[in-house]
Amino acid sequence: MTDTKTLTTEQPDQAALKPAVRMPAAVAHGLAIGGGALTAASAFLAWTYSSSFPGDLTISGYPGGLQWLTLTAGLLTALMGVIAAVPGLRVLAPGNPGNATLLFAVGGVAVTWFTLIAIAVQLHGLVNLTSGGWVAGVASLIALVGTLGLPRAPGSTVCAPTRAEWLQTLYAGAGLLAVGYLLHLTGNGAAGLVMAGAGVVPIARLCIVLKHYTGPTPTLRAAKRLPVAVDVVLMILMLALALEIFAYGVDTPYGQLFVGFLAVLCFSLWALSQSGLLRRATEIFERNRAWAAVLGFLTAAAFVFVQQSDADAALGVNVLIFAATALGLNVVVGLAGLLDLGYVAFLGVGAYAAALVSGAVTSSVHATFPFWAAALTGAAVSGIFGVLLGAPTLRVRGDYLAIVTLGFGEIFRIVVSNLDGVSGPNVTGGPNGIVNIPDLSILGFNLGNPHTILGATIGRFANYFWLMLIIMAIIMLVFSRAADSRIGRAWVAIREDETAATAMGINGFRFKLLAFALGAALAGLAGTVMAHVNFSVVPDPFVFAGPVPPNSAFLLAAVVIGGMGTVSGPIVGATLFYLLQQKLTFLQSNELLIFGVALILFMRLRPEGIIASRRRQLEFHEAEDAPAAQLSTAGA
Amino acid sequence: MRNRSLLMLTAIAAAGTLTLSACGSRAASGASGSSSASSATTVTIGVDAPLTGPLSALGLGIRNSVDLAIKTANKTNEVPGITFKIEATDDKASPQQGQQNATTLVADSNVVGVVGPLNSGVAVSMQKIFDEANLVEVSPANTNPSLTQGPSWGTGTKVRQFKSYFRTATTDAIQGPFAAQFVYTTLAKKKVFLVDNKLTYGVGLVATFKDEFTKLGGTVAGQDHVTSGASDYSSTVTAIKASGADVVYFGGEYPDGAPLAKQLKAAGYNGPVVGGDGMKDDTFIKLAGTASEGDYATSVGAPVESLDSAKTYIANYKAGGYTDPYAAYGGYSYDSAWSIIEAVKAVAAANNGKLPANPRQAIETAMAQVSFSGVTGQVSFDQYGDATNKQLTVYGVKSGQWATIKTGTFSG
Amino acid sequence: MHELPQNLANGLFLGAMYGLIAVGYTMVYGIIQLINFAHGEIFMTGAFGALAVYSKLGANVSIWLALPLMIVGGVATATLVAVLAERFAYRPLRNAPRLAPLITAIGLSIFLQQLVWGFPGNKSARVFPQLPGGPFHLGSVVFQSADIFVVVAAVLSTLFLAYFVRSTRTGRAMQATAQDPDTAKLMGIDTDKVIVIAFAIGAVFAAIAGISSGLRYGQIEYNMGFLNGLFAFTAAVLGGIGNIYGAMLGGLVLGLAQTLSAAYIQYIPGMSQFGSQDWSGVWAFVILILVLMFRPQGLLGERVADRA
Amino acid sequence: MTTETTTTPAAAPAAGTPLLEARDVVMRFGGLTAVGGVDLTVNTGEIIGLIGPNGAGKTTFFNCLTGLYVPTEGQVRYQGQLLPPTPHKVTQAGMARTFQNIRLFHNMTVLENVLVGRHTRTKEGIVSAILRGPGYRREEAESRAKALELLEFVGLADKRDMLARNLPYGEQRKLEIARAMASEPGLLLLDEPTAGMNPQETRATEELVFAIRDRGMAVLVIEHDMRFIFNLCDRVAVLVQGKKLVEGDAQTVQSDERVIAAYLGTPMDGAEAGTESTTSTEENQ
């Protein structure tokens, strides 16, 4: 879709730094601020006649659903427009407030027009839009035009795509339309999706243009150090805001709202990074690492207080289980460079081990371990399986490992299905699994019972959420400390060049085995909690690819797309994946199809993942930035 | 440079989802339920089934049948003053997802009962969530006896597991032995070869069949377990032929049953293949072709053509304009939804025609008394929450059609 | 034990099919060291392509007339998919780190499965036409027309491939590229073309295997490529990856191992519960691990010296 | 290059005792004999050169010494102990090497590369890495100090946070030497350390090798550059067609007619041509 040649920065041509739309600066500022304000105001109007569009946008005077997002985007545009217009407010946006205003305005256009189109499509026809809807649409466009008239940042290029690029876009779009139409004729369920993809192509092209237009992220001089107390307060505020935004996203009741939310969020983040605020925020977190860790943990724990019901906490638990497992896989894939395609089996081993010693009636082992012992058992048994599997295969060429692990993932399910006393010894209860696993009881506190803290009812899943959060913290600690140690260096060395690593005295086999076993043990640990959360362990979920995470393919994707070798990458990847497959229900059965395409596109466009470790970053883009870069920001 | 390529990718993703969801917002259109009666209370009946993925054919049949039941109830004003609404959730055949759906349904105070799930493996992760909220759950498809009667049901110690869990599906404990009696007595085959596909349904069926069949005096010539979806059953076929068995009992669904039947007949085996309701599907005959001739499958309830309610249901379903077939569990799903409606009716009737503020507990209690003539026959629940309807019918493949062979009530 | 000949024959038929798929894995791996994870799906698209041709022809056309057309259709579909995949998914990543093309391959595999699944009627198994005739009896062994088809196809394909690789210009260019792609390029060999041809040949073989599978089992499914692909790759490793005869041999060994383990493991004292068909996949996997432990280069593979 | 810094020299046995003894090392690949019975002794404090025309089997011999190849015949002893045929154990025993074609860990920083070299001299395992007890911290600090000192020694201290791949060629060579030295070897094996260097860089490398010897390490070096070798080495062995032709001090070797013939080219016979092509692919890796 893009080719890297257009991405390489061209020499900023000072003469070309005129805005895209020529107008006096005062007019531009005025239009930007006014358009933003008007957009915000239009959210209070009724946009449609029918209340059957989700969120009920028929009420004047009170915004609903997607209108809130338009309101937010409009306000942000106006606010940033003011900052851009008044030189004395530059402290508030040390980077490039003009660009930030532009991007907020684009976010506003995106969410507003998306809503209008969705209304028109869903209710069949433009007649469903009231004048209020048109006001919103026009207002957002006015803001956009205004921001396009703002002075441009140095380093940006107005590079209208070349003729060839437009043609490319055209062909790609037309091709997708044609393919989509063909699929439609054959009745394929993915037809609409492919045709919609045709709409994405020009939008993507526009995004590229926008990217050039805004130029690189501004570099800032380090800000003055603030007192730690101020920093802490700022961090608390930022984290609280992030939590609120996250909770809003998690709680979006219908797909359209989630999509609008994502659009506003993406463009707002882009705008914040252009405004320099993101950089400032990062600085604060980086200079108070210990505080940041503690506050981050507390913020995550506070999630259960901002949730609407225990259903959100259930979602949170599942996300955490998925993310923790992905982080375990990151040891294997990201650090040691070993491809494990059957990783979910280790989660299964942990879950089964915990279920067996849980005291469930259906367990074939009649023993009840306390949780700490069960967790250790799960991790240990899983680690042992890792060693058993790794010992014969880690000696041979790396590619074979992929197939052996894939095979292991598959036969794990077959084996546990057969260990039911009929076609194998009775261990796992066969296809019926181990069911009615009792809730955990830690220090006499039963996690199954709801209780009240600070006036809020903390339900069963909230309890497990906290437990899982602690386990997550442990896994993060293990990962980051192992990565930054003699062991972690040995893993990376093996990944980089195994022959050279052994010549440096590293026992390649032993360390690969260690990575494999540690990864397996971490997955096993997550599995122990999963068994209790789900009340049961059955063979079916432990597949290579399925619609619901965790499964091996999703785990791998969370690591790879999130960012190999980093702590935050797999967590971000896992969260994003889980929420997307939960929220985008309008994709119907096409989630896996999208997932497959996403994997391919990511490998093409950004193989280092969303959060790139500094190593990966350079590994994948060696051609792009050959000049030596002093690495100041640590990735891992 | 690098960060920008990420930003771009997210922007593309955002743009993509924008375009997509604008085009594909069909999700909400599945919900129905007219709100004609202005003063009416609207309550929700939840559905949990795999609506997407490989099992979606069955899941959609469940959802549509519940939808049909709700529409019918609203149309006939079955419960005066109360309108029903459907809330369908997709569990994607995953226990995790099912559990999450359960918490979502529990959190919605309008939900008075839930139909589902399809998979026993999903059920076990949901039962307790519903139970703690006293929210009635009626499964149209779970056949594992231990879901209601506890893990030791086979040894006679039956203990009700969850007071909120009911099912209209018949359990393996009835269907397997019924098939065994049919094979041993009616078909007079005394030497059976057992095959299952190592999934919950098949394993349970084969186990109960085996117990009853040996109790009757038959012999088990051999037993094999096949990988679901593997389709190469040549070693199984060879073993069956070598065992000298005169009948094969297959525990599993038709996608595995059909190739087995086909490969058996192709290899020159002459005995019939007998299966459960998972095999009694027209696709079985389509897939296995002429090889299916003479095979048998048991199914719950009286023969379809003898039940007026079933005929009405099928006609209404067709008239309802659903794009997906009602599939194997459509009838049970309709009955499941209807049983909830009946319970709501009973509660409302006992409370001056209105539902109490939190009716869940009352509805759960009322479920035990529910009794009506449904699609699959008389529907009511016993002390474990199982369907009391123990009538089963044997169908056989005759000239490319399922034909009723025998119907009867299991007693044993 | 008197059914031994029958079991051997069953294993042979199954193994021939694995071998046909395995050739694709082994050729691509031999040349660009890529596990083409999506090859199982190429196999699947081959079968569906053939079925599409059949359903267009209508039920009145004799199967003997339809079969050649179905083969053409299946082969064309599979080859098209493979070549497109090579061109648009793999080629841009030729110089990327190892993990990138592998993950692309996984994505492609999922994508192809879902795409085929999306066609109406493909959500569950589809009926595949049957070859008339049979069952044939040879001593105590019973087999079908489709079994003859798969064996003949495997033998002919192997002979063709042997001729192709040894005696044609392209075949020799292929060998040279496998040995050392850089030198081959310097020698004027169009390595891109060679790689495309490797993908295409693999796809042709996979399509034939896909059609055999349909003919033998009477039904095809969108996910049929996963398990078969997994076993075929195992077969390729077993035979020595990179060696086309190894792929065939590995397929046969694996097919026999699966059939025989399903039939006879239960007679080993203490193993009576482990002999079902369901366990045979596990035993195939155990064999793979054993081979990797004791003969990592595979049955026919050559020892690759560790390079310093 | 920095001048002498205070370091603790690697535990060096009394000068002049044999450190490495290779006896009759034979390496065959299939029917092809790459190394045919080479003897070589390196004593403590010595700098030994190994020269020979392309394809003479020098790198193969190196690989036999360092455990990458298991010699078909013959023995390699280090400090009297038979060396195990696994590279990491050889390094553990006290022999470290560099590679002909630089094999750094490209995506690790300069400092991390040297820290990896410390691997065999550190012990902390996974548990202590996670718990970060005082022992771990001490060891990590020591490793760091040692690594920084080595970077100082080769002149790369100010580039410690750069990625190895971004270093210029000559500095990559230096880094590879520093990385090898980090394992505190008694004997350092350098495989063509000046390949691709200009004369100034070559001279600097010469100085560096002497400085390394002054730190108490013996050095075995493969090289093409005659002048470099003859300036540097106490003894030089010449390998031709997998066999040791001559061994002696620079003077002896330089005046040996067979060496001149081997280098200046009496036409090679057919077998030699074959040997050359195959061995060179091995060396190319």
# chains A, B, ... in the order shown; residues from 1 in each chain; ligands from 1
call {"tool": "closest_atom_pairs", "arguments": {"of": "stretch 52-161 of chain D", "to": "stretch 245-248 of chain D", "cutoff": "12 Å", "atoms": "only C-alpha atoms", "output": "tab-separated table"}}
result
residue	atom	partner	partner_atom	distance
D:Gly52	CA	D:Leu245	CA	9.1
D:Pro53	CA	D:Leu245	CA	11.5
D:Ala56	CA	D:Leu245	CA	10.6
call {"tool": "interface_residues", "arguments": {"of": "chain B", "to": "chain C", "cutoff": "8 Å", "atoms": "only C-alpha atoms", "output": "ChimeraX atom specification"}}
result
/B:54,57,197-198,224-227,229-236,238-239,242,255,259,262-263,266-268,286-288
call {"tool": "closest_atom_pairs", "arguments": {"of": "chain A", "to": "chain C", "cutoff": "8 Å", "atoms": "only C-alpha atoms", "output": "Markdown table"}}
result
| residue | atom | partner | partner_atom | distance |
| --- | --- | --- | --- | --- |
| A:Leu183 | CA | C:Phe119 | CA | 8.0 |
| A:Thr186 | CA | C:Phe119 | CA | 6.8 |
| A:Gly187 | CA | C:Pro120 | CA | 5.9 |
| A:Asn188 | CA | C:Phe119 | CA | 4.1 |
| A:Gly189 | CA | C:Gly118 | CA | 4.6 |
| A:Ala190 | CA | C:Gly118 | CA | 6.0 |
| A:Leu339 | CA | C:Leu99 | CA | 7.5 |
| A:Pro392 | CA | C:Met293 | CA | 5.5 |
| A:Thr393 | CA | C:Leu292 | CA | 6.7 |
| A:Val396 | CA | C:Pro296 | CA | 6.5 |
| A:Asp399 | CA | C:Ile35 | CA | 7.4 |
| A:Tyr400 | CA | C:Val237 | CA | 7.9 |
| A:Ile403 | CA | C:Thr234 | CA | 7.5 |
| A:Val404 | CA | C:Ile289 | CA | 7.6 |
| A:Gly407 | CA | C:Phe285 | CA | 6.6 |
| A:Phe408 | CA | C:Phe285 | CA | 7.8 |
| A:Ile411 | CA | C:Val282 | CA | 5.8 |
| A:Ile414 | CA | C:Asp278 | CA | 7.0 |
| A:Val415 | CA | C:Trp279 | CA | 7.5 |
| A:Val422 | CA | C:Gln273 | CA | 7.0 |
| A:Ser423 | CA | C:Gln273 | CA | 4.7 |
| A:Gly424 | CA | C:Gln273 | CA | 5.0 |
| A:Pro425 | CA | C:Gln273 | CA | 7.7 |
| A:Thr499 | CA | C:Ala308 | CA | 6.3 |
| A:Ala545 | CA | C:Ile110 | CA | 7.8 |
| A:Ala553 | CA | C:Ile106 | CA | 7.8 |
| A:Asn590 | CA | C:Gln114 | CA | 7.4 |
| A:Leu592 | CA | C:Gln114 | CA | 6.7 |
| A:Leu593 | CA | C:Phe111 | CA | 4.8 |
| A:Ile594 | CA | C:Phe111 | CA | 7.5 |
| A:Phe595 | CA | C:Gly107 | CA | 7.2 |
| A:Gly596 | CA | C:Gly107 | CA | 3.9 |
| A:Val597 | CA | C:Gly107 | CA | 6.3 |
| A:Ala598 | CA | C:Gly107 | CA | 7.5 |
| A:Leu599 | CA | C:Gly107 | CA | 5.1 |
| A:Ile600 | CA | C:Thr104 | CA | 4.7 |
| A:Met603 | CA | C:Ala100 | CA | 5.8 |
| A:Arg604 | CA | C:Leu93 | CA | 7.3 |
| A:Pro607 | CA | C:Ala100 | CA | 6.8 |
| A:Phe620 | CA | C:Ala96 | CA | 7.1 |
call {"tool": "residues_around", "arguments": {"residues": "D:Gly36", "least_positions_apart": "6", "cutoff": "12 Å", "atoms": "only C-alpha atoms", "output": "ChimeraX atom specification"}}
result
/D:23-29,56-58,60-61,64,71-74,239-245
call {"tool": "select_by_dssp", "arguments": {"residues": "stretch 204-298 of chain B", "states": "strand (DSSP E)", "output": "VMD selection string"}}
result
chain B and resid 219 to 225 247 to 251 273 to 275 296 to 298
call {"tool": "residues_around", "arguments": {"residues": "stretch 217-222 of chain D", "least_positions_apart": "2", "cutoff": "7 Å", "atoms": "only C-alpha atoms", "output": "PyMOL selection string"}}
result
chain D and resi 10+44-51+185-192+212-213+215
call {"tool": "write_last_selection", "arguments": {"atoms": "C-alpha atoms", "output": "PDB file, in the first residue's frame"}}
result
ATOM      1  CA  ALA D  10      44.738 -12.998  32.982  1.00  0.00           C
ATOM      2  CA  THR D  44      52.518 -18.655  26.934  1.00  0.00           C
ATOM      3  CA  GLY D  45      53.352 -15.117  26.023  1.00  0.00           C
ATOM      4  CA  GLU D  46      53.849 -15.928  22.377  1.00  0.00           C
ATOM      5  CA  ILE D  47      52.347 -14.433  19.288  1.00  0.00           C
ATOM      6  CA  ILE D  48      52.105 -17.115  16.644  1.00  0.00           C
ATOM      7  CA  GLY D  49      51.134 -16.490  13.047  1.00  0.00           C
ATOM      8  CA  LEU D  50      49.388 -18.921  10.756  1.00  0.00           C
ATOM      9  CA  ILE D  51      49.624 -18.093   7.091  1.00  0.00           C
ATOM     10  CA  PRO D 185      41.337 -16.075  27.765  1.00  0.00           C
ATOM     11  CA  GLY D 186      44.854 -17.351  28.089  1.00  0.00           C
ATOM     12  CA  LEU D 187      45.034 -17.647  24.351  1.00  0.00           C
ATOM     13  CA  LEU D 188      43.361 -15.377  21.852  1.00  0.00           C
ATOM     14  CA  LEU D 189      42.756 -16.637  18.328  1.00  0.00           C
ATOM     15  CA  LEU D 190      42.383 -13.932  15.718  1.00  0.00           C
ATOM     16  CA  ASP D 191      41.094 -14.862  12.288  1.00  0.00           C
ATOM     17  CA  GLU D 192      42.372 -12.294   9.778  1.00  0.00           C
ATOM     18  CA  ILE D 212      47.199  -7.743  24.301  1.00  0.00           C
ATOM     19  CA  ARG D 213      50.289  -9.871  24.669  1.00  0.00           C
ATOM     20  CA  ARG D 215      48.372  -8.168  29.247  1.00  0.00           C
TER      21      ARG D 215
END
call {"tool": "interface_residues", "arguments": {"of": "chain A", "to": "chain B", "cutoff": "6 Å", "atoms": "only C-alpha atoms", "output": "list in words"}}
result
Ala118, Ala196, Val200, Ala204, Ala263, Ala311, Ala314, Pro431, Asn432, Asn534, Phe535, Ser536, Phe586 and Ser589 of chain A
call {"tool": "write_last_selection", "arguments": {"atoms": "C-alpha atoms", "output": "JSON list (two decimals), in the first residue's frame"}}
result
[["chain", "number", "residue", "atom", "x", "y", "z"],
["A", 118, "ALA", "CA", -23.36, 5.06, 9.27],
["A", 196, "ALA", "CA", -15.11, -1.85, 2.11],
["A", 200, "VAL", "CA", -9.80, 2.11, 2.89],
["A", 204, "ALA", "CA", -4.90, 5.30, 3.60],
["A", 263, "ALA", "CA", -10.80, 7.02, 15.42],
["A", 311, "ALA", "CA", -18.88, -8.09, 33.03],
["A", 314, "ALA", "CA", -14.54, -10.45, 33.39],
["A", 431, "PRO", "CA", -13.55, -34.27, 26.42],
["A", 432, "ASN", "CA", -15.67, -33.46, 29.46],
["A", 534, "ASN", "CA", -13.54, -20.47, 34.05],
["A", 535, "PHE", "CA", -14.61, -23.05, 36.69],
["A", 536, "SER", "CA", -13.47, -25.67, 34.23],
["A", 586, "PHE", "CA", -20.27, -6.25, 12.96],
["A", 589, "SER", "CA", -17.59, -14.19, 10.93]]
call {"tool": "select_by_dssp", "arguments": {"residues": "stretch 184-274 of chain D", "states": "helix (DSSP H, G or I)", "output": "PyMOL selection string"}}
result
chain D and resi 199-214+226-232+250-255+257-264+270-274
call {"tool": "write_last_selection", "arguments": {"atoms": "N, CA and C atoms", "output": "compact mmCIF listing (two decimals), in the first residue's frame"}}
result
# COMPACT_ATOMS: atom_id res chain seq x y z
N PRO D 199 46.43 0.66 5.66
CA PRO D 199 47.72 0.49 6.36
C PRO D 199 47.73 1.08 7.77
N GLN D 200 47.12 2.25 7.93
CA GLN D 200 47.13 2.85 9.28
C GLN D 200 46.40 1.95 10.26
N GLU D 201 45.23 1.50 9.82
CA GLU D 201 44.44 0.65 10.72
C GLU D 201 45.20 -0.62 11.02
N THR D 202 45.88 -1.15 10.01
CA THR D 202 46.65 -2.37 10.22
C THR D 202 47.72 -2.15 11.27
N ARG D 203 48.39 -1.00 11.16
CA ARG D 203 49.42 -0.74 12.15
C ARG D 203 48.84 -0.63 13.53
N ALA D 204 47.70 0.02 13.63
CA ALA D 204 47.06 0.16 14.93
C ALA D 204 46.71 -1.21 15.50
N THR D 205 46.28 -2.10 14.60
CA THR D 205 45.94 -3.44 15.06
C THR D 205 47.19 -4.15 15.58
N GLU D 206 48.28 -3.90 14.88
CA GLU D 206 49.56 -4.48 15.31
C GLU D 206 49.87 -4.08 16.75
N GLU D 207 49.75 -2.77 16.99
CA GLU D 207 49.97 -2.25 18.33
C GLU D 207 49.05 -2.94 19.33
N LEU D 208 47.82 -3.07 18.90
CA LEU D 208 46.82 -3.65 19.78
C LEU D 208 47.20 -5.07 20.16
N VAL D 209 47.68 -5.83 19.17
CA VAL D 209 48.03 -7.22 19.46
C VAL D 209 49.20 -7.27 20.44
N PHE D 210 50.14 -6.38 20.23
CA PHE D 210 51.25 -6.36 21.20
C PHE D 210 50.74 -6.03 22.59
N ALA D 211 49.86 -5.06 22.65
CA ALA D 211 49.31 -4.67 23.95
C ALA D 211 48.56 -5.82 24.59
N ILE D 212 47.92 -6.58 23.75
CA ILE D 212 47.20 -7.74 24.30
C ILE D 212 48.19 -8.73 24.90
N ARG D 213 49.27 -8.96 24.15
CA ARG D 213 50.29 -9.87 24.67
C ARG D 213 50.82 -9.34 25.99
N ASP D 214 51.00 -8.01 26.08
CA ASP D 214 51.53 -7.44 27.30
C ASP D 214 50.57 -7.65 28.47
N MET D 226 51.49 -10.45 4.88
CA MET D 226 52.79 -10.97 5.29
C MET D 226 53.52 -10.01 6.22
N ARG D 227 53.48 -8.75 5.81
CA ARG D 227 54.28 -7.81 6.58
C ARG D 227 53.76 -7.74 8.00
N PHE D 228 52.48 -7.67 8.11
CA PHE D 228 51.84 -7.64 9.42
C PHE D 228 52.29 -8.83 10.26
N ILE D 229 52.23 -10.00 9.65
CA ILE D 229 52.58 -11.23 10.37
C ILE D 229 54.05 -11.21 10.78
N PHE D 230 54.89 -10.85 9.84
CA PHE D 230 56.32 -10.97 10.14
C PHE D 230 56.76 -9.92 11.16
N ASN D 231 56.09 -8.77 11.18
CA ASN D 231 56.40 -7.78 12.21
C ASN D 231 55.99 -8.27 13.59
N LEU D 232 54.91 -8.99 13.57
CA LEU D 232 54.19 -9.26 14.82
C LEU D 232 54.66 -10.52 15.52
N ALA D 250 60.23 -15.49 11.76
CA ALA D 250 59.92 -14.76 10.54
C ALA D 250 61.01 -14.95 9.49
N GLN D 251 62.24 -14.86 9.93
CA GLN D 251 63.37 -14.96 9.04
C GLN D 251 63.35 -16.30 8.29
N THR D 252 63.24 -17.37 9.05
CA THR D 252 63.26 -18.71 8.46
C THR D 252 62.16 -18.86 7.42
N VAL D 253 60.98 -18.42 7.81
CA VAL D 253 59.85 -18.65 6.93
C VAL D 253 59.98 -17.81 5.66
N GLN D 254 60.38 -16.58 5.85
CA GLN D 254 60.48 -15.69 4.71
C GLN D 254 61.46 -16.20 3.67
N SER D 255 62.50 -16.89 4.15
CA SER D 255 63.53 -17.30 3.21
C SER D 255 63.28 -18.70 2.66
N GLU D 257 62.07 -21.44 0.40
CA GLU D 257 61.69 -21.41 -1.01
C GLU D 257 60.30 -21.99 -1.24
N ARG D 258 59.97 -22.98 -0.45
CA ARG D 258 58.67 -23.60 -0.67
C ARG D 258 57.55 -22.60 -0.39
N VAL D 259 57.78 -21.77 0.62
CA VAL D 259 56.76 -20.78 0.95
C VAL D 259 56.61 -19.80 -0.21
N ILE D 260 57.76 -19.37 -0.70
CA ILE D 260 57.70 -18.45 -1.82
C ILE D 260 56.99 -19.08 -3.00
N ALA D 261 57.31 -20.33 -3.23
CA ALA D 261 56.66 -21.03 -4.34
C ALA D 261 55.15 -21.10 -4.12
N ALA D 262 54.79 -21.44 -2.88
CA ALA D 262 53.36 -21.59 -2.60
C ALA D 262 52.62 -20.27 -2.80
N TYR D 263 53.26 -19.18 -2.43
CA TYR D 263 52.60 -17.90 -2.54
C TYR D 263 52.69 -17.31 -3.92
N LEU D 264 53.90 -17.40 -4.48
CA LEU D 264 54.06 -16.73 -5.76
C LEU D 264 53.60 -17.60 -6.90
N GLY D 270 45.43 -30.11 -10.18
CA GLY D 270 43.96 -30.17 -10.24
C GLY D 270 43.30 -30.34 -8.88
N ALA D 271 43.84 -31.24 -8.09
CA ALA D 271 43.22 -31.51 -6.80
C ALA D 271 43.17 -30.24 -5.97
N GLU D 272 44.20 -29.47 -6.09
CA GLU D 272 44.27 -28.25 -5.31
C GLU D 272 43.12 -27.31 -5.66
N ALA D 273 42.87 -27.22 -6.96
CA ALA D 273 41.80 -26.32 -7.38
C ALA D 273 40.48 -26.71 -6.71
N GLY D 274 40.25 -28.02 -6.70
CA GLY D 274 39.02 -28.49 -6.05
C GLY D 274 39.01 -28.14 -4.58
call {"tool": "atom_distance", "arguments": {"atom1": "atom CA of B:Asp324", "atom2": "atom CA of B:Ser65"}}
result
10.4 Å
call {"tool": "closest_residue", "arguments": {"among": "D:Val154, D:Val38, D:Leu68, D:Met181", "to": "chain C", "atoms": "only C-alpha atoms"}}
result
D:Leu68
call {"tool": "interface_residues", "arguments": {"of": "chain D", "to": "chain A", "cutoff": "9 Å", "atoms": "only C-alpha atoms", "output": "PyMOL selection string"}}
result
chain D and resi 66-68+86-92+96-99+103-109+112-113+115-120+122-127+129-132+140+159+161-163+165-167+179-180+182-183
call {"tool": "residues_around", "arguments": {"residues": "C:Ile42", "least_positions_apart": "3", "cutoff": "12 Å", "atoms": "only C-alpha atoms", "output": "PyMOL selection string"}}
result
chain C and resi 21-22+24-25+36-39+45-49+74-86+105+108-113+116+199-211+222-226+228-229
call {"tool": "closest_residue", "arguments": {"among": "D:Ala145, D:Leu175, D:Val70, D:Val236", "to": "chain C", "atoms": "only C-alpha atoms"}}
result
D:Val70
call {"tool": "atom_distance", "arguments": {"atom1": "atom CA of C:Asn243", "atom2": "atom CA of C:Ile195"}}
result
15.7 Å
call {"tool": "residues_around", "arguments": {"residues": "B:Leu355", "least_positions_apart": "2", "cutoff": "10 Å", "atoms": "only C-alpha atoms", "output": "PyMOL selection string"}}
result
chain B and resi 41+43+81-82+344-353+357-360+362-363
call {"tool": "residues_around", "arguments": {"residues": "B:Thr407", "least_positions_apart": "5", "cutoff": "12 Å", "atoms": "only C-alpha atoms", "output": "number ranges by chain"}}
result
B: 178-179, 182, 186, 297-306, 390-396
